[in-house]
Each structure stands twice: as C-alpha cells, then as structure tokens.
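What follows is structure.txt (compact mmCIF, C-alpha atoms).
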```txt
# COMPACT_ATOMS: atom_id res chain seq x y z
CA MET A 1 -19.60 141.83 54.02
CA SER A 2 -17.44 139.10 52.51
CA SER A 3 -15.51 136.63 54.64
CA ARG A 4 -12.24 138.06 53.31
CA SER A 5 -13.09 141.62 54.40
CA VAL A 6 -14.18 140.34 57.81
CA TYR A 7 -10.87 138.52 58.18
CA ASN A 8 -8.91 141.64 57.20
CA ARG A 9 -10.81 143.78 59.70
CA VAL A 10 -10.28 141.25 62.53
CA ALA A 11 -6.59 141.00 61.68
CA PHE A 12 -6.29 144.80 61.60
CA ILE A 13 -7.91 145.21 65.03
CA SER A 14 -5.90 142.33 66.51
CA THR A 15 -2.59 143.79 65.27
CA SER A 16 -3.41 147.22 66.69
CA SER A 17 -4.42 145.80 70.08
CA PHE A 18 -1.34 143.57 70.18
CA GLU A 19 0.97 146.53 69.48
CA LEU A 20 -0.67 148.55 72.28
CA LEU A 21 -0.34 145.59 74.68
CA ILE A 22 3.36 145.15 73.81
CA PHE A 23 4.03 148.86 74.45
CA LEU A 24 2.34 148.75 77.87
CA ILE A 25 4.15 145.56 78.92
CA SER A 26 7.58 146.77 77.74
CA SER A 27 7.06 150.11 79.51
CA THR A 28 6.20 148.35 82.76
CA ILE A 29 9.21 146.05 82.53
CA ALA A 30 11.58 148.90 81.72
CA ARG A 31 10.15 151.01 84.54
CA ASN A 32 10.93 148.32 87.09
CA SER A 33 14.29 147.31 85.66
CA SER A 34 17.72 148.53 86.73
CA ILE A 35 18.86 149.50 83.21
CA LYS A 36 20.72 152.80 83.09
CA PHE A 37 20.58 154.99 80.02
CA ASN A 38 22.17 158.29 79.10
CA CYS A 39 19.86 161.22 79.69
CA LEU A 40 19.81 165.00 79.97
CA ASP A 41 20.95 167.53 82.57
CA ILE A 42 17.47 169.03 82.73
CA GLN A 43 16.42 171.93 84.93
CA SER A 44 12.79 172.30 83.85
CA ILE A 45 10.36 171.24 81.13
CA SER A 46 7.52 173.22 79.59
CA PHE A 47 4.87 171.27 77.67
CA GLN A 48 2.18 172.97 75.58
CA ARG A 49 -0.44 171.57 73.25
CA HIS A 50 -3.28 173.16 71.32
CA ILE A 51 -5.57 172.08 68.49
CA GLU A 52 -6.27 174.26 65.48
CA ASN A 53 -9.32 174.44 63.18
CA LEU A 54 -12.96 173.63 63.95
CA GLY A 55 -13.95 171.22 61.17
CA TYR A 56 -13.27 167.56 60.62
CA HIS A 57 -9.64 168.23 59.66
CA ARG A 58 -7.55 169.63 62.50
CA ASN A 59 -3.91 170.08 63.46
CA VAL A 60 -2.49 169.11 66.84
CA HIS A 61 0.45 171.38 67.71
CA THR A 62 2.76 170.16 70.46
CA ARG A 63 5.64 172.26 71.80
CA LEU A 64 8.20 171.06 74.32
CA SER A 65 10.81 173.42 75.78
CA VAL A 66 13.67 171.97 77.83
CA ASN A 67 15.84 174.18 80.05
CA LEU A 68 19.27 172.66 80.65
CA ILE A 69 21.36 173.03 83.78
CA HIS A 70 24.53 173.73 81.79
CA GLU A 71 25.18 175.48 78.49
CA SER A 72 25.42 172.21 76.68
CA SER A 73 22.81 172.33 73.95
CA THR A 74 25.42 171.42 71.34
CA VAL A 75 25.98 168.12 73.15
CA TYR A 76 22.34 167.25 72.55
CA SER A 77 22.23 168.15 68.86
CA ASP A 78 21.86 164.46 68.03
CA CYS A 79 18.87 163.93 70.32
CA LYS A 80 15.58 162.53 69.06
CA LEU A 81 12.21 163.01 70.66
CA ILE A 82 9.25 160.65 70.48
CA PHE A 83 5.57 161.22 71.26
CA VAL A 84 3.68 157.98 71.79
CA GLU A 85 0.07 158.85 71.02
CA VAL A 86 -2.92 156.62 71.77
CA ILE A 87 -5.45 157.52 69.07
CA PRO A 88 -9.11 156.98 70.13
CA PRO A 89 -11.72 155.43 67.81
CA GLY A 90 -13.23 158.82 66.91
CA ILE A 91 -9.97 160.08 65.36
CA ALA A 92 -7.98 158.90 62.34
CA VAL A 93 -4.54 159.85 61.05
CA ASP A 94 -3.75 159.68 57.35
CA ILE A 95 -0.27 158.13 57.34
CA ASN A 96 0.23 158.89 53.63
CA GLN A 97 -0.49 162.56 54.32
CA CYS A 98 2.06 162.54 57.15
CA HIS A 99 4.67 161.00 54.86
CA GLU A 100 4.10 163.74 52.29
CA LEU A 101 4.41 166.43 54.99
CA PHE A 102 7.65 164.81 56.19
CA LYS A 103 9.18 165.46 52.75
CA PHE A 104 8.63 169.18 53.36
CA GLY A 105 10.01 169.33 56.89
CA GLY A 106 7.14 167.85 58.90
CA ALA A 107 7.46 165.32 61.70
CA PHE A 108 8.13 161.68 60.92
CA VAL A 109 5.08 159.60 61.86
CA TYR A 110 4.98 155.83 62.15
CA SER A 111 2.01 153.57 62.81
CA PRO A 112 2.23 149.76 63.11
CA THR A 113 -1.19 149.54 61.45
CA ASN A 114 -2.93 151.53 58.73
CA PHE A 115 -5.94 153.66 59.61
CA ASP A 116 -9.18 152.97 57.76
CA MET A 117 -10.00 156.54 56.77
CA GLU A 118 -13.49 155.65 55.51
CA ALA A 119 -14.72 153.92 58.67
CA ASP A 120 -17.00 155.75 61.08
CA ALA A 121 -16.35 155.97 64.80
CA GLU A 122 -18.62 153.06 65.67
CA SER A 123 -16.97 150.75 63.14
CA SER A 124 -13.48 151.71 64.35
CA ASN A 125 -13.96 150.58 67.95
CA ARG A 126 -10.32 150.30 69.01
CA HIS A 127 -7.44 152.50 70.14
CA SER A 128 -4.33 152.70 67.97
CA LEU A 129 -0.72 153.48 68.78
CA LEU A 130 0.99 156.24 66.83
CA TYR A 131 4.66 157.27 67.08
CA VAL A 132 5.57 160.86 66.23
CA TYR A 133 9.26 161.78 66.05
CA GLY A 134 10.86 165.21 66.32
CA ASN A 135 14.39 166.58 66.21
CA VAL A 136 15.76 168.52 69.15
CA THR A 137 16.94 171.99 68.11
CA PRO A 138 18.72 174.64 70.24
CA HIS A 139 16.71 177.70 71.18
CA ILE A 140 17.37 180.80 69.07
CA ASP A 141 17.98 183.18 72.01
CA SER A 142 19.49 180.79 74.55
CA ILE A 143 22.18 178.12 74.21
CA ASP A 144 20.96 176.27 77.30
CA LYS A 145 17.41 175.75 76.04
CA LEU A 146 16.04 173.21 73.57
CA ASP A 147 12.81 173.49 71.60
CA ILE A 148 10.75 170.77 69.95
CA ASP A 149 7.75 171.64 67.77
CA VAL A 150 5.60 168.91 66.26
CA THR A 151 2.41 169.22 64.19
CA LEU A 152 0.16 166.21 63.67
CA PRO A 153 -2.80 166.41 61.23
CA ILE A 154 -5.84 164.47 62.44
CA HIS A 155 -9.21 163.66 60.92
CA LEU A 156 -12.36 163.35 63.00
CA ARG A 157 -14.52 160.38 62.09
CA TYR A 158 -18.20 160.64 61.33
CA HIS A 159 -20.58 159.51 64.06
CA ARG A 160 -24.01 158.00 63.74
CA PRO A 161 -26.93 160.45 64.08
CA SER A 162 -28.80 160.72 67.36
CA TYR A 163 -32.19 161.85 68.67
CA ILE A 164 -30.59 163.37 71.79
CA ASP A 165 -27.03 164.54 71.24
CA VAL A 166 -25.93 167.36 68.96
CA PHE A 167 -22.21 166.73 69.43
CA ALA A 168 -20.13 163.64 70.04
CA GLU A 169 -16.93 163.79 72.08
CA SER A 170 -13.58 162.25 71.30
CA LYS A 171 -10.82 162.45 73.89
CA LEU A 172 -7.21 162.74 72.74
CA GLY A 173 -4.98 161.90 75.69
CA PHE A 174 -1.61 163.46 76.39
CA PRO A 175 1.25 161.47 74.89
CA THR A 176 4.06 159.55 76.48
CA VAL A 177 7.12 161.69 75.75
CA GLY A 178 10.54 160.12 75.38
CA ILE A 179 13.99 161.41 74.44
CA ARG A 180 17.01 159.52 73.15
CA CYS A 181 20.53 160.96 72.95
CA GLU A 182 23.87 159.42 72.09
CA LYS A 183 26.11 162.01 73.80
CA ALA A 184 24.12 163.04 76.87
CA SER A 185 25.37 162.64 80.44
CA VAL A 186 24.06 160.19 83.03
CA LEU A 187 22.39 162.79 85.25
CA CYS A 188 18.75 161.75 85.06
CA SER A 189 16.73 164.70 86.31
CA TYR A 190 13.16 164.75 85.01
CA ILE A 191 13.57 161.18 83.77
CA GLN A 192 10.87 158.82 85.11
CA TYR A 193 11.94 155.52 83.54
CA ILE A 194 12.96 154.03 80.21
CA PHE A 195 10.81 152.20 77.69
CA TYR A 196 11.08 150.50 74.34
CA ALA A 197 9.65 152.02 71.18
CA PRO A 198 10.42 151.87 67.45
CA CYS A 199 13.65 153.53 66.33
CA PRO A 200 13.26 156.53 64.01
CA GLU A 201 15.95 155.26 61.66
CA ASN A 202 14.25 151.85 61.29
CA PRO A 203 10.79 151.52 62.88
CA SER A 204 10.89 147.74 62.55
CA THR A 205 13.51 147.69 65.35
CA ARG A 206 13.11 148.96 68.91
CA CYS A 207 15.28 151.36 70.88
CA LEU A 208 15.48 152.47 74.49
CA TRP A 209 13.94 155.87 75.24
CA ASN A 210 14.00 158.05 78.36
CA LYS A 211 10.48 158.95 79.47
CA LEU A 212 10.31 162.64 80.32
CA ASP A 213 8.17 163.85 83.22
CA VAL A 214 5.91 166.40 81.53
CA ASN A 215 3.06 166.14 84.05
CA ASP A 216 4.38 168.85 86.37
CA PRO A 217 2.45 171.03 86.98
CA PRO A 218 -0.63 168.76 86.77
CA ARG A 219 -2.88 169.30 83.76
CA LEU A 220 -5.96 167.81 82.21
CA LEU A 221 -5.58 164.20 81.19
CA HIS A 222 -6.88 164.79 77.68
CA ASP A 223 -8.15 167.23 75.09
CA VAL A 224 -11.88 166.89 74.39
CA LEU A 225 -12.86 167.32 70.74
CA GLN A 226 -16.50 168.01 69.93
CA ILE A 227 -17.77 166.52 66.68
CA PRO A 228 -21.14 167.61 65.19
CA ILE A 229 -23.54 164.75 64.47
CA GLY A 230 -26.85 164.46 62.66
CA ASN A 231 -30.10 165.18 64.52
CA LEU A 232 -32.70 162.48 63.83
CA ASN A 233 -35.46 164.76 65.12
CA GLN A 234 -35.12 166.71 61.85
CA PHE A 235 -35.13 163.60 59.67
CA GLN A 236 -38.66 164.09 58.27
CA LEU A 237 -38.15 167.78 57.55
CA VAL A 238 -34.82 167.24 55.80
CA SER A 239 -36.16 164.26 53.83
CA THR A 240 -39.22 166.23 52.67
CA LEU A 241 -37.15 169.23 51.57
CA THR A 242 -34.65 166.98 49.80
CA LEU A 243 -37.38 165.14 47.87
CA PHE A 244 -39.09 168.43 46.97
CA VAL A 245 -35.90 170.00 45.61
CA THR A 246 -35.09 166.79 43.72
CA PHE A 247 -38.58 166.79 42.20
CA LEU A 248 -38.22 170.41 41.07
CA GLY A 249 -34.87 169.64 39.51
CA CYS A 250 -36.31 166.68 37.58
CA CYS A 251 -39.18 168.85 36.36
CA CYS A 252 -36.74 171.49 35.07
CA ILE A 253 -34.69 168.86 33.24
CA LEU A 254 -37.79 167.32 31.62
CA TYR A 255 -39.07 170.76 30.60
CA PHE A 256 -35.89 171.71 28.77
CA ILE A 257 -35.68 168.25 27.15
CA THR A 258 -39.18 168.59 25.74
CA ASN A 259 -38.66 172.27 24.81
CA PRO A 260 -35.14 172.45 23.37
CA ARG A 261 -35.78 175.86 21.81
CA GLU A 262 -35.85 177.38 25.27
CA LEU A 263 -32.12 176.66 25.51
CA GLU A 264 -31.27 178.55 22.33
CA ILE A 265 -29.49 181.85 22.80
```
Output the file's structure in the form of structure tokens.
Amino acid sequence: MSSRSVYNRVAFISTSSFELLIFLISSTIARNSSIKFNCLDIQSISFQRHIENLGYHRNVHTRLSVNLIHESSTVYSDCKLIFVEVIPPGIAVDINQCHELFKFGGAFVYSPTNFDMEADAESSNRHSLLYVYGNVTPHIDSIDKLDIDVTLPIHLRYHRPSYIDVFAESKLGFPTVGIRCEKASVLCSYIQYIFYAPCPENPSTRCLWNKLDVNDPPRLLHDVLQIPIGNLNQFQLVSTLTLFVTFLGCCCILYFITNPRELEI
C-alpha cells in the first residue's frame, strides 16, 4: 500500500472519529444547558423499525408516529425530523445511492465522511455517523397524529472466512431521534434535551434539535444482522473442485481450437 493511500485512510478514519466525538460532546453540553427550544405538544410516541431482505443489500425501514395533545398538526407542517445513526464497521451506506433515491422522494441522507464500499469489515474498523432527515406529514385519518416514514438502504460488508463461525454479527443500534419545528409551542413533553446536528438545508452548518424520548416502552438496544462468511474447513474441497472444473474447461477450449470442424453447423 502506498504512503498516499495510507495517509488517505488515516485521514478518513480520523475525520469520522472526530465527527462522532463532536456529536457526543455537543449532545452532553446541550443536555446540561438551560437553553429552551420550541417543541411539540406530544401525548405519545410510537417507534417501529424493521429490516427487509436477507442478502448483502438490505433496507432499514423506520416509522415514527406522534400523537398530539391538540388538533394542531397543521402547525407542525414545517417540522423536520432527524435520525442520527451510528453505523458499525460491518455495514456501509452508499451515499451516492441515497442521493439518487432522494431525487425520487427518498429521505435526505448526509454523512460527514464517504464510506469505502469496497473495504471489508476488518479493514473498516471504525464507527461512522450518518444523518437521515425526514419530513413530518399529518396522518391520513387523524389531524392530531403525525407520521414519519424513512427507508435507509444499507450494504453488509464481507467478513474474513473462519474455521469456527458460519455467520458474523453486525449490530445496528437504535438512532438518536430529533425534531425541529419553527412554529411549535414551548410545551416540552417527550423532549429529553436538545443537541446540535447538521441542518437539512445546509449540512455544513449546525442547528438545534429536540431529542425525542422513543425508548418508552423499553426495547432492545440494537438490531443484530447475521452475515454469512466463508468456512475454511471446506477450503480443500472447494479448491479441488474449482481446479477440476477449470481444467475441464481448458481441455474443452483446446479441443475445439485443434478441431475447428467440430464447431461447424
């Protein structure tokens, strides 16, 4: 590996770690500060998440339903929602794919660093911050209920083969959920604290967000994704079969080269 590629990899990892550190520090400071920020008249929150598909390309569907105390969903039509995801080393997100999906109505996704889509899990030994934004829309059947649906495509990284394990595990934790409204009231039910995160209009700047309490009732701390890995106990068998099939293929090619009439119709 060249010195330039080593430098780029170190800089990439350092930037990702620095961004994660800044988010944790700013969240702690905002949690302990006395800053007041407009927030929602919330009665209850329902948080659901499930993962579709079984291969290396999966979709993470997140649905948040907010029941309001008053019939005031029109007041919150300008609200924005943010999911702060901590992506583990075994998962990658193709930012270019997310940008293309955004053109067709998908969620806006921002990452302070680019994911190396070709790296395996062992080479990508760091956690990355990912910001997923969604628009708050009134519920179809109720004017005092808001729905937020977000779909995030993820790619599972390849893992090194093993003599023992058949599957590797990658844990996708539940996100930090924040909401930001310009017209909401100051009643802060279901608001834990406020934190700083990139603004959806301009991710290079930071805005204040209300952190929603979505951990009630208690749930698992993460989703566990199982990733199939190679079994080194079958290395000799697979290698022998591969060489045998390759040898047969070469023999067939040589036969037809030396006997071109056999190819005539």
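Among the candidate residues A:Ile51, A:Leu130, A:Ile227, A:Ile154, the one lying nearest to A:Ala168 is A:Ile227, with distances computed using all atoms listed in the file.
Checking A:Thr246, A:Ser65, A:Asn233, A:Thr176 one by one against A:Leu146, counting all atoms listed in the file, you find the shortest gap at A:Ser65.
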With all atoms listed in the file as the counted atoms, please give the residues lying no more than 12 Å from A:Asn96, apart from itself and same-chain residues fewer than 3 positions off, as a ChimeraX atom specification. /A:92-93,99-103,108-111,114-117,153
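Counting all atoms listed in the file, the residue from A:Asn135, A:Ser170, A:Asn53, A:Asn210 that sits nearest to A:Cys79 is A:Asn135.
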Atom CA of A:Arg180 to atom CA of A:Asn202, straight-line distance in Å: 14.4 Å
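The space between atom CA of A:Ser123 and atom CA of A:Pro89 spans 8.4 Å.
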Give me the box for stretch 199-216 of chain A as lines of an AutoDock Vina configuration file, namely the centre and edge lengths in Å to one decimal of a box along x, y and z that holds every listed atom plus 4 Å on each side.
```
center_x = 9.5
center_y = 158.3
center_z = 73.8
size_x = 20.9
size_y = 29.2
size_z = 33.1
```
